[in-house]
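Novice: Below you'll find target.txt; it's compact mmCIF, C-alpha atoms and all ligand atoms.
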# COMPACT_ATOMS: atom_id res chain seq x y z
CA MET A 1 4.17 -68.10 -8.39
CA LYS A 2 3.98 -68.40 -12.17
CA ALA A 3 7.34 -66.75 -12.76
CA ALA A 4 10.30 -68.13 -10.85
CA HIS A 5 12.45 -65.88 -13.04
CA ILE A 6 12.14 -62.11 -13.63
CA ALA A 7 10.80 -61.35 -17.11
CA ALA A 8 12.94 -58.87 -19.10
CA GLU A 9 9.97 -56.96 -20.58
CA PRO A 10 7.26 -57.83 -18.05
CA VAL A 11 3.61 -56.95 -18.51
CA ILE A 12 2.62 -55.07 -15.35
CA LEU A 13 -0.94 -54.29 -14.31
CA GLY A 14 -1.05 -51.19 -12.08
CA ILE A 15 -3.93 -50.26 -9.79
CA GLU A 16 -4.39 -46.87 -8.10
CA SER A 17 -7.18 -46.16 -5.62
CA SER A 18 -5.66 -43.86 -2.98
CA CYS A 19 -8.15 -41.00 -3.23
CA ASP A 20 -11.04 -40.27 -5.61
CA ASP A 21 -9.77 -41.75 -8.89
CA THR A 22 -10.04 -45.45 -9.69
CA SER A 23 -7.34 -46.18 -12.23
CA ALA A 24 -5.85 -49.23 -13.94
CA ALA A 25 -2.91 -49.27 -16.35
CA VAL A 26 -0.97 -51.85 -18.32
CA LEU A 27 2.72 -51.55 -19.22
CA ARG A 28 5.04 -53.77 -21.26
CA GLY A 29 8.44 -52.89 -19.87
CA THR A 30 8.27 -49.10 -19.50
CA HIS A 31 5.96 -48.77 -22.50
CA LEU A 32 2.39 -47.74 -21.76
CA LEU A 33 -0.28 -49.95 -23.34
CA ALA A 34 -3.33 -48.54 -21.50
CA ASN A 35 -4.12 -46.12 -18.67
CA LEU A 36 -7.75 -45.78 -17.65
CA ILE A 37 -9.01 -43.37 -15.00
CA SER A 38 -12.52 -43.22 -13.63
CA SER A 39 -12.85 -39.94 -11.70
CA GLN A 40 -15.54 -39.89 -9.06
CA ARG A 41 -18.02 -37.04 -9.60
CA VAL A 42 -19.96 -37.89 -6.43
CA HIS A 43 -17.74 -35.60 -4.27
CA GLU A 44 -18.31 -32.37 -6.21
CA GLN A 45 -21.47 -31.48 -4.32
CA TYR A 46 -19.59 -31.72 -0.98
CA GLY A 47 -16.64 -29.50 -1.95
CA GLY A 48 -14.09 -32.19 -1.01
CA VAL A 49 -13.58 -35.95 -1.01
CA VAL A 50 -15.93 -37.92 1.29
CA PRO A 51 -13.90 -41.03 2.28
CA GLU A 52 -16.81 -43.45 2.66
CA LEU A 53 -18.29 -42.47 -0.72
CA ALA A 54 -14.84 -42.84 -2.29
CA SER A 55 -14.48 -46.44 -1.01
CA ARG A 56 -17.93 -47.37 -2.34
CA ALA A 57 -17.26 -45.83 -5.75
CA HIS A 58 -13.89 -47.69 -5.96
CA LEU A 59 -15.73 -50.93 -5.22
CA SER A 60 -18.10 -50.50 -8.13
CA ASN A 61 -15.41 -49.11 -10.49
CA VAL A 62 -12.43 -51.38 -9.96
CA VAL A 63 -13.55 -54.45 -11.93
CA PRO A 64 -14.83 -52.56 -15.02
CA VAL A 65 -11.78 -50.25 -15.06
CA VAL A 66 -9.31 -53.16 -14.88
CA SER A 67 -11.23 -55.14 -17.56
CA GLU A 68 -11.30 -52.14 -19.87
CA ALA A 69 -7.57 -51.42 -19.36
CA LEU A 70 -6.66 -55.04 -20.22
CA ARG A 71 -8.99 -54.96 -23.25
CA GLU A 72 -7.51 -51.67 -24.51
CA ALA A 73 -3.97 -53.00 -23.98
CA GLY A 74 -4.85 -56.16 -25.93
CA VAL A 75 -3.56 -58.27 -23.04
CA SER A 76 -5.31 -61.25 -21.46
CA PRO A 77 -5.16 -61.68 -17.66
CA ALA A 78 -2.99 -64.77 -18.20
CA ALA A 79 -0.35 -62.63 -19.96
CA VAL A 80 0.13 -60.33 -16.96
CA ASP A 81 3.49 -60.93 -15.20
CA ALA A 82 2.86 -58.92 -12.01
CA VAL A 83 0.29 -56.67 -10.38
CA ALA A 84 1.32 -53.43 -8.69
CA PHE A 85 -0.99 -51.50 -6.35
CA THR A 86 -0.90 -48.36 -4.21
CA ARG A 87 -0.16 -49.28 -0.61
CA GLY A 88 -0.32 -45.65 0.62
CA PRO A 89 -0.45 -42.82 1.44
CA GLY A 90 -4.16 -42.20 0.98
CA LEU A 91 -7.61 -42.90 2.39
CA LEU A 92 -7.76 -46.15 4.33
CA GLY A 93 -10.98 -47.54 2.80
CA ALA A 94 -10.04 -46.42 -0.70
CA LEU A 95 -6.60 -48.07 -0.46
CA LEU A 96 -8.16 -51.29 0.87
CA VAL A 97 -10.31 -51.69 -2.23
CA GLY A 98 -7.34 -51.49 -4.64
CA ALA A 99 -5.12 -53.62 -2.41
CA SER A 100 -7.77 -56.34 -1.99
CA PHE A 101 -8.44 -56.47 -5.70
CA ALA A 102 -4.70 -56.67 -6.48
CA LYS A 103 -4.18 -59.47 -3.96
CA GLY A 104 -7.06 -61.47 -5.38
CA PHE A 105 -5.82 -60.97 -8.94
CA ALA A 106 -2.25 -62.01 -8.07
CA LEU A 107 -3.41 -65.03 -6.07
CA ALA A 108 -5.80 -66.25 -8.77
CA LEU A 109 -3.13 -66.01 -11.49
CA GLY A 110 -0.16 -67.09 -9.34
CA ILE A 111 1.85 -63.96 -10.20
CA PRO A 112 3.89 -61.57 -8.04
CA LEU A 113 2.17 -58.81 -6.10
CA VAL A 114 4.10 -55.53 -5.78
CA GLU A 115 3.18 -52.77 -3.30
CA VAL A 116 3.92 -49.20 -4.41
CA ASN A 117 4.29 -45.95 -2.49
CA HIS A 118 1.98 -43.47 -4.29
CA LEU A 119 4.52 -40.65 -3.87
CA GLN A 120 7.26 -42.74 -5.47
CA GLY A 121 4.80 -43.33 -8.32
CA HIS A 122 4.55 -39.56 -8.92
CA ILE A 123 8.33 -39.21 -8.60
CA LEU A 124 9.11 -42.05 -11.06
CA SER A 125 6.40 -41.09 -13.60
CA PRO A 126 9.01 -39.50 -15.97
CA PHE A 127 10.17 -43.06 -16.78
CA LEU A 128 6.92 -43.91 -18.59
CA THR A 129 7.42 -44.23 -22.33
CA THR A 130 4.77 -43.98 -25.05
CA SER A 131 4.81 -44.12 -28.84
CA GLU A 132 5.23 -40.29 -28.76
CA SER A 133 8.05 -40.06 -26.23
CA SER A 134 10.83 -42.31 -25.01
CA ARG A 135 12.93 -39.60 -23.32
CA VAL A 136 13.57 -40.55 -19.68
CA PRO A 137 15.83 -39.09 -16.99
CA ALA A 138 19.09 -40.56 -15.74
CA PHE A 139 19.84 -40.68 -12.00
CA PRO A 140 20.29 -38.61 -9.94
CA TYR A 141 17.56 -36.02 -10.49
CA LEU A 142 15.51 -33.66 -8.37
CA SER A 143 11.76 -34.17 -8.27
CA LEU A 144 9.44 -31.31 -7.40
CA LEU A 145 6.45 -33.27 -6.11
CA VAL A 146 3.39 -31.06 -5.88
CA SER A 147 0.01 -32.66 -5.21
CA GLY A 148 -3.15 -32.19 -3.18
CA GLY A 149 -1.58 -33.71 -0.08
CA HIS A 150 2.18 -33.23 -0.56
CA THR A 151 4.76 -30.63 -1.53
CA GLN A 152 8.32 -31.87 -1.50
CA ILE A 153 11.63 -31.59 -3.28
CA VAL A 154 13.13 -35.05 -3.46
CA LEU A 155 16.65 -36.04 -4.47
CA VAL A 156 16.17 -39.24 -6.47
CA ARG A 157 19.50 -41.09 -6.38
CA SER A 158 17.96 -44.26 -7.83
CA ALA A 159 14.50 -45.82 -8.07
CA ALA A 160 15.13 -47.26 -4.60
CA GLN A 161 16.96 -44.36 -2.92
CA MET A 162 15.16 -41.09 -2.38
CA GLU A 163 15.88 -38.27 0.05
CA ILE A 164 13.51 -35.41 0.93
CA LEU A 165 15.46 -32.13 0.69
CA GLY A 166 12.53 -29.86 1.54
CA GLU A 167 8.82 -30.14 2.25
CA THR A 168 5.83 -28.11 3.35
CA ILE A 169 5.46 -27.40 7.02
CA ASP A 170 1.69 -26.83 6.67
CA ASP A 171 -0.58 -26.93 3.59
CA ALA A 172 0.35 -28.56 0.28
CA ALA A 173 0.48 -26.48 -2.91
CA GLY A 174 -2.60 -28.26 -4.30
CA GLU A 175 -4.41 -27.64 -1.03
CA ALA A 176 -3.61 -23.90 -1.34
CA PHE A 177 -5.09 -23.90 -4.85
CA ASP A 178 -8.16 -25.86 -3.72
CA LYS A 179 -8.89 -23.91 -0.53
CA CYS A 180 -8.52 -20.50 -2.21
CA ALA A 181 -10.63 -21.69 -5.15
CA LYS A 182 -13.34 -22.86 -2.76
CA ALA A 183 -13.37 -19.43 -1.10
CA MET A 184 -14.04 -17.94 -4.57
CA GLY A 185 -16.97 -20.34 -5.03
CA LEU A 186 -15.22 -22.54 -7.62
CA PRO A 187 -15.95 -26.31 -7.75
CA TYR A 188 -13.69 -28.94 -6.15
CA PRO A 189 -10.90 -29.55 -6.97
CA GLY A 190 -10.20 -25.91 -7.70
CA GLY A 191 -6.65 -26.13 -9.09
CA PRO A 192 -7.62 -26.74 -12.73
CA HIS A 193 -10.26 -23.95 -12.55
CA VAL A 194 -7.71 -21.46 -11.19
CA ASP A 195 -5.31 -22.52 -13.97
CA ARG A 196 -7.95 -21.89 -16.67
CA LEU A 197 -9.19 -18.56 -15.25
CA ALA A 198 -5.66 -17.28 -14.56
CA GLN A 199 -4.86 -17.27 -18.28
CA ALA A 200 -6.91 -14.08 -18.74
CA GLY A 201 -5.71 -12.37 -15.55
CA ASN A 202 -2.95 -10.02 -14.43
CA PRO A 203 -0.55 -11.91 -12.13
CA ARG A 204 0.56 -8.63 -10.47
CA ALA A 205 -2.98 -7.34 -9.78
CA PHE A 206 -2.90 -8.34 -6.09
CA GLU A 207 -0.01 -8.62 -3.66
CA LEU A 208 -0.24 -11.78 -1.52
CA ALA A 209 1.86 -13.07 1.38
CA HIS A 210 4.99 -15.02 0.39
CA PRO A 211 5.80 -17.07 3.47
CA LEU A 212 9.33 -18.42 3.06
CA PRO A 213 10.46 -20.48 6.05
CA GLN A 214 14.19 -20.90 6.59
CA GLY A 215 16.07 -23.39 4.45
CA THR A 216 14.37 -25.49 1.83
CA ASN A 217 10.96 -26.02 3.44
CA PHE A 218 7.71 -24.53 2.14
CA SER A 219 4.73 -22.90 3.84
CA PHE A 220 1.40 -22.08 2.19
CA SER A 221 -0.98 -21.39 5.06
CA GLY A 222 -0.01 -17.69 5.33
CA LEU A 223 -0.69 -17.24 1.63
CA LYS A 224 -4.12 -18.83 2.04
CA THR A 225 -4.92 -16.54 4.99
CA SER A 226 -3.82 -13.43 3.09
CA PHE A 227 -5.98 -14.51 0.14
CA LEU A 228 -9.01 -14.98 2.42
CA TYR A 229 -8.47 -11.48 3.92
CA LEU A 230 -8.18 -10.03 0.43
CA LEU A 231 -11.55 -11.57 -0.51
CA ARG A 232 -13.18 -10.46 2.76
CA ASP A 233 -12.01 -6.85 2.42
CA GLY A 234 -12.85 -6.77 -1.28
CA ILE A 235 -16.39 -8.05 -0.73
CA THR A 236 -16.96 -5.58 2.11
CA ALA A 237 -16.20 -2.71 -0.29
CA ASN A 238 -17.92 -4.29 -3.32
CA PRO A 239 -20.25 -7.31 -3.08
CA ARG A 240 -19.40 -8.23 -6.69
CA PHE A 241 -15.62 -8.15 -5.99
CA ILE A 242 -15.00 -11.85 -6.76
CA GLU A 243 -16.98 -11.91 -10.03
CA GLU A 244 -15.39 -8.68 -11.25
CA HIS A 245 -11.81 -9.69 -10.41
CA GLN A 246 -11.90 -13.48 -10.80
CA ALA A 247 -9.20 -13.75 -13.47
CA ASP A 248 -6.83 -11.34 -11.66
CA LEU A 249 -7.39 -13.13 -8.34
CA CYS A 250 -6.61 -16.51 -9.94
CA ALA A 251 -3.55 -15.18 -11.77
CA SER A 252 -2.14 -13.53 -8.63
CA LEU A 253 -2.73 -16.64 -6.53
CA GLN A 254 -1.18 -18.97 -9.10
CA THR A 255 1.86 -16.77 -9.63
CA THR A 256 2.51 -16.51 -5.89
CA ILE A 257 2.32 -20.30 -5.45
CA ILE A 258 4.73 -20.79 -8.38
CA GLU A 259 7.16 -18.19 -7.00
CA ILE A 260 7.23 -19.94 -3.63
CA LEU A 261 7.86 -23.32 -5.28
CA LEU A 262 10.60 -22.06 -7.58
CA ARG A 263 12.42 -20.06 -4.91
CA LYS A 264 13.01 -23.27 -2.91
CA LEU A 265 13.69 -25.36 -5.97
CA ARG A 266 16.47 -22.95 -7.01
CA ARG A 267 18.00 -23.34 -3.56
CA CYS A 268 17.92 -27.16 -3.76
CA ILE A 269 19.49 -27.11 -7.23
CA LYS A 270 22.27 -24.89 -5.92
CA GLN A 271 22.88 -26.88 -2.74
CA SER A 272 22.75 -30.34 -4.33
CA GLY A 273 24.53 -29.46 -7.57
CA VAL A 274 22.02 -31.71 -9.39
CA ARG A 275 21.02 -30.12 -12.70
CA ARG A 276 18.41 -32.62 -13.84
CA VAL A 277 14.88 -31.76 -12.69
CA ALA A 278 11.43 -33.37 -13.03
CA ILE A 279 8.02 -32.39 -11.72
CA GLY A 280 5.18 -34.65 -10.64
CA GLY A 281 1.84 -34.65 -8.81
CA GLY A 282 -1.47 -33.01 -9.78
CA VAL A 283 -0.17 -29.42 -9.56
CA ALA A 284 2.47 -30.34 -12.16
CA ALA A 285 -0.42 -30.14 -14.66
CA ASN A 286 -0.59 -26.37 -14.03
CA SER A 287 0.25 -24.43 -17.17
CA GLY A 288 1.82 -21.52 -15.29
CA LEU A 289 4.12 -23.88 -13.37
CA ARG A 290 5.06 -25.76 -16.54
CA ASN A 291 5.94 -22.49 -18.30
CA ALA A 292 7.91 -21.29 -15.30
CA MET A 293 9.85 -24.59 -15.21
CA VAL A 294 10.75 -24.22 -18.89
CA ALA A 295 11.95 -20.66 -18.25
CA LEU A 296 13.95 -21.76 -15.18
CA SER A 297 15.65 -24.57 -17.05
CA GLU A 298 16.59 -22.23 -19.91
CA GLU A 299 17.99 -19.73 -17.42
CA LEU A 300 20.01 -22.30 -15.46
CA GLY A 301 20.75 -24.74 -18.30
CA LEU A 302 18.86 -27.61 -16.61
CA GLU A 303 17.76 -30.89 -18.13
CA LEU A 304 14.00 -30.74 -17.57
CA PHE A 305 11.45 -33.58 -17.50
CA LEU A 306 7.80 -32.51 -17.67
CA PRO A 307 5.59 -35.62 -17.72
CA GLU A 308 2.48 -35.44 -19.89
CA ARG A 309 -0.45 -33.94 -17.97
CA ARG A 310 -2.30 -37.28 -17.82
CA PHE A 311 0.68 -38.71 -15.87
CA THR A 312 0.81 -35.85 -13.34
CA THR A 313 -2.62 -36.19 -11.71
CA ASP A 314 -3.36 -39.50 -10.00
CA ASN A 315 -3.12 -42.42 -12.41
CA ALA A 316 -2.22 -46.12 -12.37
CA ALA A 317 0.50 -45.82 -15.05
CA MET A 318 2.80 -44.24 -12.46
CA ILE A 319 2.00 -47.06 -10.02
CA ALA A 320 2.84 -49.60 -12.71
CA ILE A 321 6.19 -47.93 -13.54
CA ALA A 322 7.21 -47.72 -9.88
CA GLY A 323 6.04 -51.35 -9.58
CA LEU A 324 8.23 -52.32 -12.56
CA PHE A 325 11.38 -51.09 -10.77
CA LYS A 326 10.47 -53.08 -7.65
CA TYR A 327 9.50 -56.15 -9.67
CA GLN A 328 12.91 -56.06 -11.38
CA ARG A 329 14.66 -55.81 -8.00
CA GLY A 330 12.68 -58.83 -6.82
CA GLU A 331 10.93 -56.73 -4.14
CA TRP A 332 7.66 -58.61 -4.20
CA SER A 333 5.02 -58.38 -1.48
CA ARG A 334 3.42 -61.08 0.59
CA GLN A 335 -0.33 -61.64 0.51
CA ALA A 336 -0.44 -60.47 4.14
CA VAL A 337 0.76 -56.94 3.23
CA GLY A 338 -1.46 -54.21 4.71
CA VAL A 339 -2.23 -50.73 3.42
CA SER A 340 -0.49 -47.71 4.93
CA PRO A 341 -2.48 -44.42 4.87
CA ARG A 342 0.44 -42.31 6.15
CA LEU A 343 3.33 -43.76 4.17
CA ARG A 344 6.27 -41.34 3.45
CA VAL A 345 8.56 -41.25 0.41
O1 LIG B 1 -1.64 -35.85 -7.44
P1 LIG B 1 -3.09 -35.54 -7.38
O2 LIG B 1 -3.98 -35.93 -8.55
O3 LIG B 1 -3.73 -36.17 -6.09
C1 LIG B 1 -3.02 -36.25 -4.88
O4 LIG B 1 -2.22 -37.21 -4.73
O5 LIG B 1 -3.20 -35.29 -4.07
O6 LIG B 1 -3.21 -33.97 -7.10
C2 LIG B 1 -4.45 -33.35 -6.95
C3 LIG B 1 -4.20 -31.86 -6.79
C4 LIG B 1 -5.45 -31.08 -6.42
O7 LIG B 1 -5.12 -30.20 -5.38
C5 LIG B 1 -5.76 -30.31 -7.71
O8 LIG B 1 -6.42 -29.09 -7.51
C6 LIG B 1 -4.36 -30.10 -8.27
O9 LIG B 1 -3.71 -31.32 -8.02
N1 LIG B 1 -4.36 -29.79 -9.71
C7 LIG B 1 -3.99 -28.60 -10.21
C8 LIG B 1 -4.16 -28.69 -11.62
N2 LIG B 1 -4.62 -29.94 -11.92
C9 LIG B 1 -4.74 -30.61 -10.73
N3 LIG B 1 -3.55 -27.48 -9.60
C10 LIG B 1 -3.26 -26.43 -10.38
N4 LIG B 1 -3.40 -26.43 -11.74
C11 LIG B 1 -3.84 -27.54 -12.39
N5 LIG B 1 -3.98 -27.52 -13.71
ZN ZN B 2 -1.20 -38.14 -6.09
Would you mind giving the structure from this file in structure tokens?
Specialist:
Amino acid sequence: MKAAHIAAEPVILGIESSCDDTSAAVLRGTHLLANLISSQRVHEQYGGVVPELASRAHLSNVVPVVSEALREAGVSPAAVDAVAFTRGPGLLGALLVGASFAKGFALALGIPLVEVNHLQGHILSPFLTTSESSRVPAFPYLSLLVSGGHTQIVLVRSAAQMEILGETIDDAAGEAFDKCAKAMGLPYPGGPHVDRLAQAGNPRAFELAHPLPQGTNFSFSGLKTSFLYLLRDGITANPRFIEEHQADLCASLQTTIIEILLRKLRRCIKQSGVRRVAIGGGVAANSGLRNAMVALSEELGLELFLPERRFTTDNAAMIAIAGLFKYQRGEWSRQAVGVSPRLRV
């Protein structure tokens, strides 16, 4: 190991390869120097991520993406103090590419290797600072984590202590966006398309199911089913139903998903008494959700943390920041560490 001591403002290289984005980022302390993302277009034609194609694309992307991130950061490999990588959850082959690269990099340079839980990366992303913003939360805070694979409300007591207060019992919020978008013939992933089209629509045009399981858990599969029935019945009456009502369909879907999320978030705020709230995960890029969060925090007097959009969808900056906390605690990984496709928070 190069560093027997823990650097105060370490340079951390982060690597994210859990799904279909190959990303590398460089931080000095919490300050972002570079964050590069190479999104794989190869999956679009299949309407979803094809794991084997994802692994192959990561293999060809990882070296150029890391080189470019270091170049943009103005940092030589020798100046890197530690390398953080996504250990899971995610696709096995995709994770293996990032993990193998990170191990090789750490071994060659004799620097610490730090494994990161992808979900903790999303949750800790509000700690990233840039030249535009250095506002970060204090502990404890609640994180509404909404991505393609997860929907959870997490009580973040510290960077090392997190407790799930509520989570989905079936589909994730991003999955609900993507599956309903696919049924309307929109490209994958559908969430950003629904967001864009919803801007011109009436959110009250269509009434959709609001499944609300007991307590603080979420459910989205009933909403998806009611949306599919709405499309089926609409098309039976009018073959051009989707084209003619696209904006209203998107706006109604988006508003229902947001209402479900906020209903449970309100409950967790009330039960926990924690009045500091952050959002993370790809769906946190949604403009309707962001507006609704601002309105909620004004209503309840919350301290709100909305990470920049580029830090909400999958990115290596969030892996680097979560890695920084672990590096500082001395929680370094062994070379023998494996990947973990089903890791939980
Ligand atoms: O966190 P993320 O990039 O990957 C996972 O870890 O899953 O989240 C991807 C999800 C996809 O379901 C995508 O449709 C959704 O985030 N998403 C959005 C928006 N941008 C990305 N959903 C709604 N509105 C958006 N603007
Ligand atoms: Zn993610």
Novice: Taking 4 positions as the minimum chain separation for residues in the same chain, which residues sit within 6 Å of Ser219 (chain A) when counting all atoms listed in the file? Answer as a list in words.
Specialist: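 What passes the distance filter is Thr168, Ile169, Asp170 and Pro211 of chain A.
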Novice: Would you name the residues within 9 Å of ligand LIG 1 (chain B), counting only C-alpha atoms and all ligand atoms, and put them as a short mmCIF file (atom, residue, chain, number, x, y, z; two decimals) with C-alpha atoms, in the coordinates of the input?
Specialist:
data_model
loop_
_atom_site.label_atom_id
_atom_site.label_comp_id
_atom_site.auth_asym_id
_atom_site.auth_seq_id
_atom_site.Cartn_x
_atom_site.Cartn_y
_atom_site.Cartn_z
CA SER A 18 -5.66 -43.86 -2.98
CA CYS A 19 -8.15 -41.00 -3.23
CA ASP A 20 -11.04 -40.27 -5.61
CA ASP A 21 -9.77 -41.75 -8.89
CA PRO A 89 -0.45 -42.82 1.44
CA GLY A 90 -4.16 -42.20 0.98
CA HIS A 118 1.98 -43.47 -4.29
CA LEU A 119 4.52 -40.65 -3.87
CA HIS A 122 4.55 -39.56 -8.92
CA LEU A 145 6.45 -33.27 -6.11
CA VAL A 146 3.39 -31.06 -5.88
CA SER A 147 0.01 -32.66 -5.21
CA GLY A 148 -3.15 -32.19 -3.18
CA GLY A 149 -1.58 -33.71 -0.08
CA HIS A 150 2.18 -33.23 -0.56
CA ALA A 172 0.35 -28.56 0.28
CA ALA A 173 0.48 -26.48 -2.91
CA GLY A 174 -2.60 -28.26 -4.30
CA GLU A 175 -4.41 -27.64 -1.03
CA ALA A 176 -3.61 -23.90 -1.34
CA PHE A 177 -5.09 -23.90 -4.85
CA ASP A 178 -8.16 -25.86 -3.72
CA LYS A 179 -8.89 -23.91 -0.53
CA ALA A 181 -10.63 -21.69 -5.15
CA TYR A 188 -13.69 -28.94 -6.15
CA PRO A 189 -10.90 -29.55 -6.97
CA GLY A 190 -10.20 -25.91 -7.70
CA GLY A 191 -6.65 -26.13 -9.09
CA PRO A 192 -7.62 -26.74 -12.73
CA HIS A 193 -10.26 -23.95 -12.55
CA VAL A 194 -7.71 -21.46 -11.19
CA ASP A 195 -5.31 -22.52 -13.97
CA ARG A 196 -7.95 -21.89 -16.67
CA GLN A 254 -1.18 -18.97 -9.10
CA GLY A 280 5.18 -34.65 -10.64
CA GLY A 281 1.84 -34.65 -8.81
CA GLY A 282 -1.47 -33.01 -9.78
CA VAL A 283 -0.17 -29.42 -9.56
CA ALA A 284 2.47 -30.34 -12.16
CA ALA A 285 -0.42 -30.14 -14.66
CA ASN A 286 -0.59 -26.37 -14.03
CA SER A 287 0.25 -24.43 -17.17
CA GLY A 288 1.82 -21.52 -15.29
CA LEU A 289 4.12 -23.88 -13.37
CA ARG A 309 -0.45 -33.94 -17.97
CA THR A 312 0.81 -35.85 -13.34
CA THR A 313 -2.62 -36.19 -11.71
CA ASP A 314 -3.36 -39.50 -10.00
CA ASN A 315 -3.12 -42.42 -12.41
#
Novice: So, counting all atoms listed in the file, which residue among A:Ala99, A:Leu155, A:Val62, A:Leu36 is closest to Ser272 (chain A)?
Specialist: A:Leu155
Novice: Need the shell around Ala209 (chain A): protein/DNA/RNA residues with any atom at most 9 Å away, counting only C-alpha atoms. Skip same-chain ones fewer than 3 positions apart. Format as number ranges by chain?
Specialist: A: 222-227, 256
Novice: Neighbours of Ile279 (chain A) within 7 Å (all atoms listed in the file; same-chain residues fewer than 2 positions away dropped), as a ChimeraX atom specification?
Specialist: /A:143-145,277,284,305-306
Novice: Taking C-alpha atoms for each residue, export the selection above as an mmCIF file, in the coordinates of the input.
Specialist:
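What landed in result_19.cif:
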data_model
loop_
_atom_site.group_PDB
_atom_site.id
_atom_site.type_symbol
_atom_site.label_atom_id
_atom_site.label_comp_id
_atom_site.auth_asym_id
_atom_site.auth_seq_id
_atom_site.Cartn_x
_atom_site.Cartn_y
_atom_site.Cartn_z
ATOM 1 C CA SER A 143 11.760 -34.170 -8.270
ATOM 2 C CA LEU A 144 9.440 -31.310 -7.400
ATOM 3 C CA LEU A 145 6.450 -33.270 -6.110
ATOM 4 C CA VAL A 277 14.880 -31.760 -12.690
ATOM 5 C CA ALA A 284 2.470 -30.340 -12.160
ATOM 6 C CA PHE A 305 11.450 -33.580 -17.500
ATOM 7 C CA LEU A 306 7.800 -32.510 -17.670
#
Novice: Please determine, counting only C-alpha atoms and all ligand atoms, which residue among A:Leu59, A:Ala138, A:Ala316, A:Ala159 has the shortest atom-to-atom distance to ligand ZN 2 (chain B).
Specialist: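 Of all the options, A:Ala316 lies closest to ligand ZN 2 (chain B).
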Novice: Using all atoms listed in the file for the distances, tell me which of A:Ser158, A:Thr151, A:Ser297, A:Asn291 is nearest to ligand ZN 2 (chain B).
Specialist: A:Thr151
Novice: Report, in Å with one decimal, the straight-line distance from CA of Ser17 (chain A) to CA of Pro137 (chain A).
Specialist: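 Atom-to-atom, CA of Ser17 (chain A) and CA of Pro137 (chain A) are spaced 26.6 Å apart.
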Novice: Could region 252-262 of chain A be completed with N, CA, C and O atoms and written as a tab-separated table (two decimals), in the coordinates of the input, please?
Specialist:
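Just written: out-v7.tsv:
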chain	number	residue	atom	x	y	z
A	252	SER	N	-3.03	-13.95	-9.73
A	252	SER	CA	-2.14	-13.53	-8.63
A	252	SER	C	-1.86	-14.69	-7.69
A	252	SER	O	-0.71	-14.90	-7.26
A	253	LEU	N	-2.90	-15.48	-7.40
A	253	LEU	CA	-2.73	-16.64	-6.53
A	253	LEU	C	-1.76	-17.64	-7.16
A	253	LEU	O	-0.79	-18.09	-6.52
A	254	GLN	N	-2.01	-17.97	-8.41
A	254	GLN	CA	-1.18	-18.97	-9.10
A	254	GLN	C	0.28	-18.53	-9.16
A	254	GLN	O	1.20	-19.31	-8.88
A	255	THR	N	0.49	-17.27	-9.51
A	255	THR	CA	1.86	-16.77	-9.63
A	255	THR	C	2.58	-16.82	-8.29
A	255	THR	O	3.76	-17.18	-8.22
A	256	THR	N	1.87	-16.50	-7.21
A	256	THR	CA	2.51	-16.51	-5.89
A	256	THR	C	2.89	-17.95	-5.51
A	256	THR	O	4.01	-18.19	-5.02
A	257	ILE	N	2.01	-18.90	-5.77
A	257	ILE	CA	2.32	-20.30	-5.45
A	257	ILE	C	3.55	-20.75	-6.26
A	257	ILE	O	4.49	-21.36	-5.71
A	258	ILE	N	3.59	-20.38	-7.53
A	258	ILE	CA	4.73	-20.79	-8.38
A	258	ILE	C	6.03	-20.14	-7.88
A	258	ILE	O	7.07	-20.79	-7.82
A	259	GLU	N	5.94	-18.86	-7.49
A	259	GLU	CA	7.16	-18.19	-7.00
A	259	GLU	C	7.70	-18.87	-5.75
A	259	GLU	O	8.91	-19.05	-5.60
A	260	ILE	N	6.79	-19.26	-4.87
A	260	ILE	CA	7.23	-19.94	-3.63
A	260	ILE	C	7.91	-21.27	-3.99
A	260	ILE	O	8.98	-21.60	-3.48
A	261	LEU	N	7.29	-22.01	-4.90
A	261	LEU	CA	7.86	-23.32	-5.28
A	261	LEU	C	9.24	-23.14	-5.91
A	261	LEU	O	10.20	-23.84	-5.57
A	262	LEU	N	9.34	-22.19	-6.84
A	262	LEU	CA	10.60	-22.06	-7.58
A	262	LEU	C	11.74	-21.48	-6.74
A	262	LEU	O	12.90	-21.81	-6.96
